[in-house]
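**Student:** Sharing a structure here in structure tokens format.
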Amino acid sequence: MLKSIYARTFLLMLGAILFTQLVVLLIPEPRPDISVSVRLTDIARALREEQVPGPPPLGGDEGPPQHREPGPPPDGPFGGRLPPDAPQSLAAESIDAKPSPGALVDAGPARDELAHMLDLAPLDVFLYVDARDIPKNAASARRLSLTHGFAAGARIGGRWRQVSRSGSGLFSTTRIRTLEIIALELLVLMPLAWVFARALSAPTRRFADAARRVGQDSGAAPLPREGPQEMLAAVDAFNAMQARLNHLMQERTRMVAAIAHDLRTPLTRLAFRLDDLPAPLGDKVRADIEEMKSMISAALDFMRERHFAGPRERVDMRLLVERIVNDQADLGHAVTFQETESVVVEAAPLALRRLVGNLIDNALKYGERARLKLSRADGLCLLEIDDDGPGIPESLHQQVFEPFFRVEGSRNRDTGGIGLGLAAVRAIVLEHGGEVALANRKAGGLRVSVTLPAVNGG
């Protein structure tokens with residue numbers, strides 16, 4: 001197996017060239033086109049009806065004399081007989097009148113030369129030829145060879161006779177042979193080219209799929225080392241980059257979790273030292289300390305859930321959303337789900353449950369009820385959650401996804417958490433290669449739209 005894209009491409013091109021030459025050698029040469037190299041002497045003899053089917057028999061017996069019109073004996077080097085290589089299909093026919101040239105043009109000096117051969121007046125002879133066969137001067141008229149269409153005639157014995165031949169046109173024997181060669185080459189080379197192209201592009205497709213998977217799942221398995229040498233080098237660099245990114249993300253997560261964990265100890269000591277403070281001040285300080293502990297606990301839970309989200313698998317979003325909605329409805333919450341077809345995504349089930357649960361909790365806290373709708377469009381899974389709350393100012397639609405950010409004034413602080421719900425939603429969505437967006441509905445309330453890549457056929 002060739003290990004280089006360069007070598008494979010070179011082999012394909014070399015094979016195509018060799019095959020082309022082989023086809024040219026194997027296809028037999030076509031017979032000469034009978035319309036090529038028709039001379040004035042051939043036309044003159046045909047108009048006199050002096051064509052002979054073939055060369056004279058051995059022994060000099062030329063058979064019965066040929067019919068000829070009255071007139072002077074034919075001139076020329078062949079003594080009234082066609083040369084061995086003359087066209088054998090020229091035959092004169094009677095016509096009523098001199099025809100129009102049509103697409104042909106008058107041959108000029110060649111017509112006069114033909115009249116001289118027939119010993120007729122120029123007005124009793126016509127010669128229409130293709131413009132490409134017009135002689136350059138009078139000296140070349142006698143040596144004229146017609147390689148395209150022509151029409152020649154003469155008034156002999158009181159009646160018009162004509163000899164004509166259509167041009168070789170598009171389907172001359174030479175062009176037909178060329179078309180046959182091209183068709184045969186395409187017939188054989190197209191499947192081979194398709195196989196080679198597919199073999200060359202397969203490693204690139206796998207590389208692109210792996211890059212797409214890493215964008216949706218940072219913990220995806222490394223790309224297998226397959227393909228030519230150039231692709232192996234790219235795969236090694238890609239796998240090394242993925243490993244470094246995962247290592248940096250894990251280090252950052254562990255560092256934040258360690259800092260949050262270590263903050264609990266000084267906060268606990270600080271709470272004990274505040275026991276001697278007067279009641280109003282001590283209560284306020286202890287409330288702030290408890291809020292800080294809640295934030296630390298939420299941060300630790302957030303890091304833990306992201307780190308232990310679980311392996312990816314195919315999940316039916318309709319069944320998952322129905323299960324969560326039924327659990328919320330059993331608790332007496334105003335949650336509804338619009339029935340739809342199944343939409344399958346590849347994701348971590350625990351992460352998806354946290355995503356949907358956070359969005360429902362936010363809708364219930366700030367909008368009193370949650371209405372969920374699931375659909376599939378353009379290969380994407382679309383989940384929409386509507387509430388009847390006050391909405392969020394458009395200027396804050398991106399900022400609300402930041403950790404620990406809370407909208408003041410538009411949302412009741414007493415009913416909310418610490419600002420990690422939407423941050424967790426965005427982190428889960430981005431980790432799965434999707435998008436999340438907010439929009440204030442015209443009828444009032446907020447709509448949260450989540451799109452995730454859907455599995456083909458799911």
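Here's how to read the names in the structure tokens: chain A, B, ... by the order shown, residue numbers from 1 in each chain, ligand numbers from 1 in the order shown.
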Residues near region 453-455 of chain A, anyone? I mean within 7 Å using only C-alpha atoms, not counting same-chain ones fewer than 5 positions away, as number ranges by chain.
**Tutor:** A: 343-346, 379-381, 433-434
**Student:** Hey, can you spit out that residue selection with all heavy atoms as a tab-separated table (two decimals), in the first residue's frame?
**Tutor:**
```tsv
chain	number	residue	atom	x	y	z
A	343	VAL	N	-36.73	12.54	18.78
A	343	VAL	CA	-35.52	13.17	18.28
A	343	VAL	C	-34.37	12.60	19.11
A	343	VAL	O	-34.35	12.75	20.33
A	343	VAL	CB	-35.56	14.70	18.40
A	343	VAL	CG1	-34.29	15.30	17.80
A	343	VAL	CG2	-36.79	15.26	17.72
A	344	VAL	N	-33.42	11.95	18.43
A	344	VAL	CA	-32.32	11.28	19.12
A	344	VAL	C	-31.07	12.15	19.03
A	344	VAL	O	-30.74	12.68	17.96
A	344	VAL	CB	-32.05	9.89	18.51
A	344	VAL	CG1	-30.87	9.22	19.20
A	344	VAL	CG2	-33.30	9.03	18.62
A	345	VAL	N	-30.40	12.31	20.16
A	345	VAL	CA	-29.13	13.03	20.21
A	345	VAL	C	-28.09	12.14	20.88
A	345	VAL	O	-28.43	11.20	21.61
A	345	VAL	CB	-29.25	14.37	20.97
A	345	VAL	CG1	-30.24	15.29	20.28
A	345	VAL	CG2	-29.68	14.13	22.41
A	346	GLU	N	-26.84	12.43	20.63
A	346	GLU	CA	-25.75	11.70	21.28
A	346	GLU	C	-25.19	12.61	22.37
A	346	GLU	O	-24.56	13.63	22.07
A	346	GLU	CB	-24.66	11.33	20.27
A	346	GLU	CG	-23.62	10.39	20.83
A	346	GLU	CD	-22.72	9.81	19.76
A	346	GLU	OE1	-23.03	9.99	18.57
A	346	GLU	OE2	-21.72	9.16	20.12
A	379	GLY	N	-31.53	18.73	10.65
A	379	GLY	CA	-30.57	17.90	11.36
A	379	GLY	C	-30.27	18.35	12.77
A	379	GLY	O	-29.28	17.91	13.37
A	380	LEU	N	-31.10	19.23	13.34
A	380	LEU	CA	-30.88	19.75	14.69
A	380	LEU	C	-32.08	19.43	15.56
A	380	LEU	O	-33.23	19.39	15.09
A	380	LEU	CB	-30.65	21.26	14.67
A	380	LEU	CG	-29.40	21.75	13.94
A	380	LEU	CD1	-29.38	23.28	13.90
A	380	LEU	CD2	-28.14	21.23	14.62
A	381	CYS	N	-31.81	19.23	16.84
A	381	CYS	CA	-32.86	19.06	17.84
A	381	CYS	C	-33.10	20.41	18.50
A	381	CYS	O	-32.16	21.03	19.04
A	381	CYS	CB	-32.42	18.02	18.88
A	381	CYS	SG	-33.49	17.91	20.33
A	433	GLY	N	-21.84	20.64	21.52
A	433	GLY	CA	-21.82	21.19	20.16
A	433	GLY	C	-23.09	21.90	19.77
A	433	GLY	O	-23.39	22.00	18.57
A	434	GLY	N	-23.84	22.43	20.74
A	434	GLY	CA	-25.09	23.12	20.44
A	434	GLY	C	-25.03	24.61	20.74
A	434	GLY	O	-23.95	25.18	20.98
```
**Student:** Write out as a list in words which residues come within 9 Å of Asp124 (chain A) when counting only C-alpha atoms, dropping same-chain ones fewer than 5 positions away.
**Tutor:** Ala115, Gly153, Ala154, Arg155, Ile156 and Trp160 of chain A
**Student:** Save the residues we just selected, all heavy atoms, as an mmCIF file, in the first residue's frame?
**Tutor:**
```cif
data_model
loop_
_atom_site.group_PDB
_atom_site.id
_atom_site.type_symbol
_atom_site.label_atom_id
_atom_site.label_comp_id
_atom_site.auth_asym_id
_atom_site.auth_seq_id
_atom_site.Cartn_x
_atom_site.Cartn_y
_atom_site.Cartn_z
ATOM 1 N N ALA A 115 -14.465 24.279 -66.214
ATOM 2 C CA ALA A 115 -15.077 24.533 -67.524
ATOM 3 C C ALA A 115 -14.083 24.235 -68.641
ATOM 4 O O ALA A 115 -14.452 23.696 -69.700
ATOM 5 C CB ALA A 115 -15.570 25.980 -67.605
ATOM 6 N N GLY A 153 -21.468 21.166 -61.246
ATOM 7 C CA GLY A 153 -22.374 20.753 -62.306
ATOM 8 C C GLY A 153 -22.011 21.392 -63.630
ATOM 9 O O GLY A 153 -21.250 22.364 -63.701
ATOM 10 N N ALA A 154 -22.585 20.863 -64.666
ATOM 11 C CA ALA A 154 -22.325 21.376 -66.014
ATOM 12 C C ALA A 154 -23.524 21.078 -66.892
ATOM 13 O O ALA A 154 -24.258 20.093 -66.671
ATOM 14 C CB ALA A 154 -21.065 20.747 -66.599
ATOM 15 N N ARG A 155 -23.710 21.960 -67.900
ATOM 16 C CA ARG A 155 -24.789 21.747 -68.882
ATOM 17 C C ARG A 155 -24.149 21.095 -70.087
ATOM 18 O O ARG A 155 -23.480 21.740 -70.901
ATOM 19 C CB ARG A 155 -25.458 23.066 -69.225
ATOM 20 C CG ARG A 155 -26.659 22.910 -70.139
ATOM 21 C CD ARG A 155 -27.556 24.115 -70.105
ATOM 22 N NE ARG A 155 -26.819 25.366 -70.304
ATOM 23 C CZ ARG A 155 -27.356 26.562 -70.158
ATOM 24 N NH1 ARG A 155 -28.621 26.682 -69.755
ATOM 25 N NH2 ARG A 155 -26.623 27.650 -70.360
ATOM 26 N N ILE A 156 -24.356 19.786 -70.188
ATOM 27 C CA ILE A 156 -23.750 18.984 -71.249
ATOM 28 C C ILE A 156 -24.865 18.376 -72.082
ATOM 29 O O ILE A 156 -25.771 17.710 -71.550
ATOM 30 C CB ILE A 156 -22.854 17.879 -70.662
ATOM 31 C CG1 ILE A 156 -21.752 18.495 -69.795
ATOM 32 C CG2 ILE A 156 -22.257 17.024 -71.762
ATOM 33 C CD1 ILE A 156 -20.897 17.470 -69.097
ATOM 34 N N TRP A 160 -28.583 19.707 -67.517
ATOM 35 C CA TRP A 160 -27.689 19.938 -66.375
ATOM 36 C C TRP A 160 -27.409 18.621 -65.654
ATOM 37 O O TRP A 160 -28.312 17.812 -65.461
ATOM 38 C CB TRP A 160 -28.310 20.925 -65.371
ATOM 39 C CG TRP A 160 -28.249 22.351 -65.810
ATOM 40 C CD1 TRP A 160 -29.224 23.052 -66.422
ATOM 41 C CD2 TRP A 160 -27.145 23.225 -65.677
ATOM 42 N NE1 TRP A 160 -28.837 24.336 -66.686
ATOM 43 C CE2 TRP A 160 -27.528 24.477 -66.218
ATOM 44 C CE3 TRP A 160 -25.853 23.107 -65.149
ATOM 45 C CZ2 TRP A 160 -26.688 25.579 -66.253
ATOM 46 C CZ3 TRP A 160 -25.018 24.213 -65.171
ATOM 47 C CH2 TRP A 160 -25.425 25.423 -65.731
#
```
**Student:** Using DSSP assignments from the backbone, pull out every residue in region 366-410 of chain A that falls under strand (DSSP E or B) and give it to me as a list in words.
**Tutor:** Ala370, Arg371, Leu372, Lys373, Leu374, Ser375, Arg376, Ala377, Leu380, Cys381, Leu382, Leu383, Glu384, Ile385, Asp386 and Glu408 of chain A
**Student:** Write out as JSON, numbers by chain the residues lying within 9 Å of Pro393 (chain A), counting only C-alpha atoms and excluding same-chain residues fewer than 2 positions away.
**Tutor:** {"A": [391, 395, 396, 397, 410, 440]}
**Student:** For the residues in the current selection, export N, CA, C and O atoms as a tab-separated table (two decimals), in the first residue's frame.
**Tutor:**
```
chain	number	residue	atom	x	y	z
A	391	GLY	N	-39.51	38.55	31.67
A	391	GLY	CA	-38.49	38.54	30.63
A	391	GLY	C	-37.17	39.13	31.11
A	391	GLY	O	-37.01	39.47	32.29
A	395	SER	N	-30.23	43.64	26.38
A	395	SER	CA	-28.83	43.97	26.60
A	395	SER	C	-28.15	42.99	27.55
A	395	SER	O	-26.91	42.94	27.61
A	396	LEU	N	-28.94	42.20	28.28
A	396	LEU	CA	-28.37	41.26	29.25
A	396	LEU	C	-28.51	39.81	28.79
A	396	LEU	O	-28.19	38.90	29.57
A	397	HIS	N	-28.94	39.57	27.55
A	397	HIS	CA	-29.19	38.20	27.10
A	397	HIS	C	-27.92	37.35	27.07
A	397	HIS	O	-28.01	36.13	27.21
A	410	SER	N	-35.38	42.95	37.52
A	410	SER	CA	-36.31	42.25	36.65
A	410	SER	C	-36.67	40.88	37.19
A	410	SER	O	-37.67	40.31	36.80
A	440	ASN	N	-37.36	37.52	24.23
A	440	ASN	CA	-38.58	37.96	24.90
A	440	ASN	C	-39.76	37.79	23.95
A	440	ASN	O	-39.72	38.27	22.82
```
**Student:** May I ask for the distance between CA of Ala348 (chain A) and CA of Ala424 (chain A), given in Å to one decimal place?
**Tutor:**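 Atom-to-atom, CA of Ala348 (chain A) and CA of Ala424 (chain A) are spaced 14.0 Å apart.
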**Student:** What lies within 12 Å of Leu267 (chain A) using only C-alpha atoms, ignoring chain neighbours under 2 positions off, as a VMD selection string?
**Tutor:** chain A and resid 260 to 265 269 to 274 285 to 294 296
**Student:** To one decimal in Å, tell me the separation between CA of Arg371 (chain A) and CA of Pro403 (chain A).
**Tutor:** 25.4 Å
**Student:** Neighbouring residues of Val23 (chain A) were defined as those with any atom within 12 Å, considering only C-alpha atoms; residues of the same chain fewer than 4 positions away were excluded. Please report them as a ChimeraX atom specification.
**Tutor:** /A:16-19,27-29,177-189
**Student:** Could you check the closest approach to Glu230 (chain A) for each of A:Asn358, A:Thr20, A:Ser375, A:Thr204 and tell me which residue wins, using only C-alpha atoms?
**Tutor:**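 Smallest separation from Glu230 (chain A) among the options: A:Thr204.
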**Student:** Fewer than 4 positions away in the same chain doesn't count, so skip those; otherwise give me all residues within 7 Å of Asp387 (chain A), counting only C-alpha atoms, as a PDB file with all heavy atoms, in the first residue's frame.
**Tutor:**
```pdb
ATOM      1  N   ALA A 363     -37.865  28.770  34.711  1.00  0.00           N
ATOM      2  CA  ALA A 363     -39.178  29.192  34.215  1.00  0.00           C
ATOM      3  C   ALA A 363     -40.202  29.220  35.342  1.00  0.00           C
ATOM      4  O   ALA A 363     -41.043  30.129  35.411  1.00  0.00           O
ATOM      5  CB  ALA A 363     -39.628  28.252  33.095  1.00  0.00           C
ATOM      6  N   GLY A 367     -41.299  32.761  36.046  1.00  0.00           N
ATOM      7  CA  GLY A 367     -42.406  32.893  35.122  1.00  0.00           C
ATOM      8  C   GLY A 367     -43.635  32.107  35.501  1.00  0.00           C
ATOM      9  O   GLY A 367     -44.571  32.018  34.694  1.00  0.00           O
ATOM     10  N   GLU A 368     -43.659  31.484  36.692  1.00  0.00           N
ATOM     11  CA  GLU A 368     -44.807  30.791  37.267  1.00  0.00           C
ATOM     12  C   GLU A 368     -45.149  29.471  36.574  1.00  0.00           C
ATOM     13  O   GLU A 368     -45.695  28.586  37.198  1.00  0.00           O
ATOM     14  CB  GLU A 368     -46.052  31.688  37.268  1.00  0.00           C
ATOM     15  CG  GLU A 368     -45.886  32.949  38.100  1.00  0.00           C
ATOM     16  CD  GLU A 368     -47.131  33.806  38.067  1.00  0.00           C
ATOM     17  OE1 GLU A 368     -48.073  33.417  37.333  1.00  0.00           O
ATOM     18  OE2 GLU A 368     -47.161  34.843  38.749  1.00  0.00           O
ATOM     19  N   ARG A 369     -44.873  29.333  35.296  1.00  0.00           N
ATOM     20  CA  ARG A 369     -45.168  28.089  34.586  1.00  0.00           C
ATOM     21  C   ARG A 369     -44.148  27.894  33.458  1.00  0.00           C
ATOM     22  O   ARG A 369     -43.479  28.845  33.064  1.00  0.00           O
ATOM     23  CB  ARG A 369     -46.594  28.090  34.026  1.00  0.00           C
ATOM     24  CG  ARG A 369     -46.884  29.212  33.064  1.00  0.00           C
ATOM     25  CD  ARG A 369     -48.326  29.140  32.546  1.00  0.00           C
ATOM     26  NE  ARG A 369     -49.273  29.029  33.614  1.00  0.00           N
ATOM     27  CZ  ARG A 369     -49.787  30.086  34.267  1.00  0.00           C
ATOM     28  NH1 ARG A 369     -49.397  31.316  33.942  1.00  0.00           N
ATOM     29  NH2 ARG A 369     -50.660  29.921  35.218  1.00  0.00           N
ATOM     30  N   ALA A 370     -44.080  26.654  32.988  1.00  0.00           N
ATOM     31  CA  ALA A 370     -43.133  26.312  31.922  1.00  0.00           C
ATOM     32  C   ALA A 370     -43.854  25.500  30.866  1.00  0.00           C
ATOM     33  O   ALA A 370     -44.530  24.517  31.178  1.00  0.00           O
ATOM     34  CB  ALA A 370     -41.951  25.522  32.485  1.00  0.00           C
ATOM     35  N   ARG A 371     -43.707  25.927  29.597  1.00  0.00           N
ATOM     36  CA  ARG A 371     -44.285  25.208  28.465  1.00  0.00           C
ATOM     37  C   ARG A 371     -43.136  24.779  27.555  1.00  0.00           C
ATOM     38  O   ARG A 371     -42.389  25.629  27.036  1.00  0.00           O
ATOM     39  CB  ARG A 371     -45.275  26.099  27.710  1.00  0.00           C
ATOM     40  CG  ARG A 371     -46.530  26.434  28.499  1.00  0.00           C
ATOM     41  CD  ARG A 371     -47.493  27.273  27.672  1.00  0.00           C
ATOM     42  NE  ARG A 371     -46.920  28.584  27.397  1.00  0.00           N
ATOM     43  CZ  ARG A 371     -47.035  29.634  28.219  1.00  0.00           C
ATOM     44  NH1 ARG A 371     -47.695  29.504  29.370  1.00  0.00           N
ATOM     45  NH2 ARG A 371     -46.498  30.783  27.906  1.00  0.00           N
ATOM     46  N   GLY A 445     -43.255  37.228  28.615  1.00  0.00           N
ATOM     47  CA  GLY A 445     -42.509  36.080  29.058  1.00  0.00           C
ATOM     48  C   GLY A 445     -41.224  35.892  28.255  1.00  0.00           C
ATOM     49  O   GLY A 445     -40.935  36.624  27.300  1.00  0.00           O
ATOM     50  N   LEU A 446     -40.465  34.898  28.658  1.00  0.00           N
ATOM     51  CA  LEU A 446     -39.159  34.615  28.066  1.00  0.00           C
ATOM     52  C   LEU A 446     -39.193  33.263  27.363  1.00  0.00           C
ATOM     53  O   LEU A 446     -39.838  32.326  27.844  1.00  0.00           O
ATOM     54  CB  LEU A 446     -38.078  34.607  29.153  1.00  0.00           C
ATOM     55  CG  LEU A 446     -36.638  34.380  28.691  1.00  0.00           C
ATOM     56  CD1 LEU A 446     -36.127  35.609  27.944  1.00  0.00           C
ATOM     57  CD2 LEU A 446     -35.723  34.074  29.886  1.00  0.00           C
ATOM     58  N   ARG A 447     -38.493  33.179  26.239  1.00  0.00           N
ATOM     59  CA  ARG A 447     -38.327  31.912  25.535  1.00  0.00           C
ATOM     60  C   ARG A 447     -36.840  31.556  25.487  1.00  0.00           C
ATOM     61  O   ARG A 447     -36.020  32.351  25.030  1.00  0.00           O
ATOM     62  CB  ARG A 447     -38.878  31.979  24.116  1.00  0.00           C
ATOM     63  CG  ARG A 447     -38.497  30.768  23.261  1.00  0.00           C
ATOM     64  CD  ARG A 447     -39.224  30.766  21.933  1.00  0.00           C
ATOM     65  NE  ARG A 447     -40.650  30.526  22.117  1.00  0.00           N
ATOM     66  CZ  ARG A 447     -41.539  30.515  21.120  1.00  0.00           C
ATOM     67  NH1 ARG A 447     -41.125  30.754  19.874  1.00  0.00           N
ATOM     68  NH2 ARG A 447     -42.818  30.295  21.368  1.00  0.00           N
TER      69      ARG A 447
END
```
**Student:** Report the distance between CA of Arg161 (chain A) and CA of Ala92 (chain A) in Å, rounded to one decimal place.
**Tutor:** 6.1 Å
**Student:** Quick one: of A:Arg198, A:Arg205, A:Lys373, A:Arg314, who's nearest to Thr336 (chain A), counting only C-alpha atoms?
**Tutor:**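 Using only C-alpha atoms, the shortest distance to Thr336 (chain A) belongs to A:Lys373.
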**Student:** Check the smallest atom-to-atom distance from each of A:Ala202, A:Pro191, A:Ala97, A:Arg48 to Gly157 (chain A) using only C-alpha atoms, then report the winner.
**Tutor:**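 With only C-alpha atoms as the atom set, the closest residue is A:Arg48.
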**Student:** Which is closest to His116 (chain A) among A:Leu300, A:Val321, A:Leu26, A:Leu40, if we use only C-alpha atoms?
**Tutor:**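 Going through A:Leu300, A:Val321, A:Leu26, A:Leu40 one by one, the smallest distance to His116 (chain A) is for A:Leu40.
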**Student:** Determine which residues of region 106-152 of chain A DSSP labels as alpha helix (DSSP H) from the backbone of this structure, then write them out as number ranges by chain.
**Tutor:** A: 109-118
